[in-house]
Amino acid sequence: MKITIPELSLITLIGASGSGKSSFAKKHFQPFEVISSDFCRGLVSNDENSQAASRDAFDLLHYITQKRLASAKLTVIDATNVLKEDRKYYVNLAKEYHCFPVAIVLNLPENVCHQRNQQRPDRQFGSYVVQRHVQNLKRSLRGLEREGFRYVYVLNSIEEIEAVEIQRQPLWNNRKHDRGPFDIIGDIHGCCDELETLLEKLGYVKTQTYHHPEGRKIIFLGDLVDRGPRILDTVKLVKNMVEAGSAICVPGNHENKLLRKIRGKNVKINHGLEQTVAEIEALSPDVREPFIKEIEEFIDSLISHFVLDDGRLVVAHAGMREEMQGRGSGKVRSFALYGETTGEIDEFGLPVRYDWAAEYRGEAMVVYGHTPVPEAEWLNNTIDIDTGCVFGGKLTALRYPERELVSVDAAKVYCEPVKPLDNGTSGTGINAQQQLDDVLNIDDVLGKRIINVRLQNKITIREENAIAALEVMSRFAANPKWLIYLPPTMSPVETSQLPGYLEHPQQAFAYYKNQGITEVICEEKHMGSRAVVIVCRDEEAVKRRFGIVNEGIGICYTRTGRRFFNNSELEAEFLAGVNKALSESDFWSRLNTDWVCLDCELMPWSAKAQGLIRNQYAAVGAASRPALSNAIELLTQASQNGIEVNSLLGKFQQRQEMANQYVDAYRRYCWEVNDISDIKLAPFHILATEGAVHIDKNHSWHMEQAAILEKAEPQLIMATNYKIIDLNDPSSEAEGTHWWEEMTCKGGEGMVVKPLEFIVGGKRGILQPAVKCRGKEYLRIIYGPEYTTDENLESLRKRGLSLKRSLAMREFALGVEALERFVVEAPLRRVHECVFGVLALESEAVDPRL
């Protein structure tokens with residue numbers, strides 16, 4: 001006997017004790033799919049037969065069942081379930097989670113069940129228990145379908161039970177295997193001229209019907225009928241494409257109303273149905289009846305919604321909530337056809353539709369129509385592409401997976417809308433997503449979070465780190481709409497064993513060479529402050545792309561998301577200077593953009609770190625030099641008086657020299673900032689522009705772009721010196737090392753070594769995107785004046801880098817993910833998930849000196 005069950009079902013096994021329900025479940029279902037009441041009793045009481053634990057056991061069973069159904073997992077209830085009130089709970093639960101309630105009844109004779117129980121030492125209870133179970137079961141058999149079970153299977157003998165074969169049937173809306181590519185077309189309403197023009201524009205060719213030479217497929221979102229001039233032609237075209245396999249179609253509410261009319265239901269002939277009826281009635285009698293039958297069968301065959309491309313795409317006429325996707329129920333179909341209303345009526349006499357898309361948090365892209373809008377706009381990874389063709393708007397298609405919109409204008413206004421398409425909602429320059437992003441939800445960032453990123457699979461953010469990040473973000477950060485990226489930390493090279501050195505280029509070259517890299521780029525490391533600079537061509541571009549008004553043409557912020565400049569006038573002048581460099585270098589045209597995000601170093605260091613310099617570094621210098629001078633003076637006097645202190649005097653003189661070197665080291669990076677002429681900006685990454693994250697270009701390209709900007713505005717922009725090193729050529733490596741030695745001897749901070757390509761994969765994922773190799777004197781600022789003594793160097797060489805490297809990799813992956821999400825216009829909460837993650841990781845316990 002073959003039993004067919006939908007792939008998403010709540011299966012209730014029904015049978016007396018001893019009927020073999022657990023054995024049946026074990027044979028036909030996966031272990032995790034079966035929720036046994038006996039097993040739950042054992043979990044809560046250590047005794048599977050403890051009737052005293054039944055209440056707690058069933059509370060647990062119900063909880064697990066709810067969690068599984070919420071995750072769209074087929075679930076089997078292994079309990080007696082012979083009472084109607086027990087079964088009612090599962091029928092209602094199946095309805096709540098929009099899945100199919102299935103009953104499988106093991107209807108064995110009472111004596112068989114009793115004999116089986118007698119053979120089990122843990123089932124030594126009176127025969128009256130089985131007798132009562134069997135009696136209750138027999139009373140229930142005829143009414144199971146009336147109770148709400150969609151599928152009922154009754155097995156009346158051991159032979160029938162043994163012969164059962166269970167076949168799982170995919171739901172009709174499950175087309176996850178169909179990966180496209182697709183062209184999704186919004187509400188047509190009989191505008192067949194525009195439909196034919198759009199199909200040709202999309203590259204479809206007409207033979208007997210339309211098809212695409214490259215195998216693309218159309219998805220029609222319903223509302224083919226009513227209002228327009230060629231309604232039946234539209235239906236024929238769509239029907240023929242569906243039958244030919246070059247299209248998929250879901251029904252709209254207008255098709256549903258037409259079907260009810262065809263079937264003789266009492267429907268009101270309005271909202272364009274009169275035009276459809278008139279076209280049908282104009283057919284000759286010998287054509288009309290067969291055609292009506294074809295339309296009825298076609299509309300009746302349409303599925304409410306589809307889940308496609310491994311669950312990445314959902315299409316429905318009026319949209320689909322996350323918890324309804326891929327499920328089957330009357331409520332799901334109703335939502336797909338009509339959406340949801342608030343119960344209110346607007347000033348035009350139309351029902352106010354509930355904005356489900358504003359609350360959508362699903363991973364799947366949802367494409368829908370139903371509500372005419374002047375322009376198709378993304379909102380939380382959903383898009384309404386009904387652009388009101390029949391009302392004089394446009395007929396719009398979304399190309400998937402390209403996310404490209406293609407439209408044709410309506411030839412005329414075929415029907416005057418009750419509610420104007422542009423009801424005062426457009427023209428602000430800020431789209432629906434940007435308006436929604438004005439307020440971010442704290443629940444999107446609090447607690448332990450696991451972030452899926454392209455470059456490193458999953459990254460975990462601990463709850464305590466998230467709290468620390470929230471404190472910084474909420475109290476000090478700039479407007480969140482600007483914060484599309486935070487730069488990652490960077491790991492130093494492996495510790496050098498060369499005398500007198502803690503870091504040396506040899507270790508940087510060796511790291512990448514051992515990973516199979518043949519070319520690296522060495523970039524001068526400026527001693528400034530890390531800064532992210534976002535500049536737009538003008539304020540219109542700011543409004544269009546960032547949804548920000550009255551905040552100028554951009555921002556410069558620190559690696560913790562705080563505004564770099566406290567002086568707004570200085571910031572405006574600075575951003576104008578960067579804009580000038582971009583404009584005069586033809587950057588906007590060359591990269592086809594009107595905004596850019598730059599990763600930079602801003603000099604001098606003292607421009608932002610004045611407090612750090614004064615309170616930490618200068619304080620050490622100010623205290624050490626006079627104290628050591630006094631000690632040396634006293635020791636010198638003692639030596640002159642014949643006391644043997646020469647060894648001690650030598651040590652203090654050495655300490656004085658190191659203190660002077662320490663002061664000289666940080667002073668090199670400080671100068672007074674009075675106006676814009678005292679500031680230098682060194683961009684080293686052109687991170688992102690419109691439609692692109694530039695990690696696909698090598699570092700030479702980024703350096704060349706910075707040099708072009710310097711030529712346009714040399715007073716402000718500073719290009720970074722760099723060298724490309726061939727790791728297969730010892731002389732090239734020696735040249736790189738010599739260059740580093742020259743720079744650091746002159747007081748330079750050091751250099752950053754990177755693979756020439758922006759991202760390089762290794763055996764265990766991507767490699768470190770960069771390692772820093774700092775100069776001997778610069779490290780004196782970091783580790784203290786006396787770090788170069790033999791005993792201190794020996795201690796510092798034991799420093800561990802694994803945590804720092806892990807942190808650098810995770811932050812890098814999150815930064816790239818944030819930019820990629822922003823470029824494809826993901827909701828700000830999705831961008832901020834990554835940006836917030838970088839900030840949270842910064843509070844991990846990693847040595848800040850590394």
# chains A, B, ... in the order shown; residues from 1 in each chain; ligands from 1
call {"tool": "residues_around", "arguments": {"residues": "A:Glu344", "least_positions_apart": "6", "cutoff": "12 Å", "atoms": "only C-alpha atoms", "output": "MDAnalysis selection string"}}
result
chainID A and resid 350:354
call {"tool": "residues_around", "arguments": {"residues": "stretch 261-271 of chain A", "least_positions_apart": "6", "cutoff": "8 Å", "atoms": "only C-alpha atoms", "output": "list in words"}}
result
Asp226, Arg227, Ile292 and Glu296 of chain A
call {"tool": "atom_distance", "arguments": {"atom1": "atom CA of A:Glu540", "atom2": "atom CA of A:Glu825"}}
result
17.2 Å
call {"tool": "closest_residue", "arguments": {"among": "A:Gly222, A:Gly393, A:Gly516, A:Gly328", "to": "A:Asn253", "atoms": "only C-alpha atoms"}}
result
A:Gly222
call {"tool": "closest_residue", "arguments": {"among": "A:His694, A:Arg829, A:His114, A:His526", "to": "A:Leu440", "atoms": "only C-alpha atoms"}}
result
A:Arg829
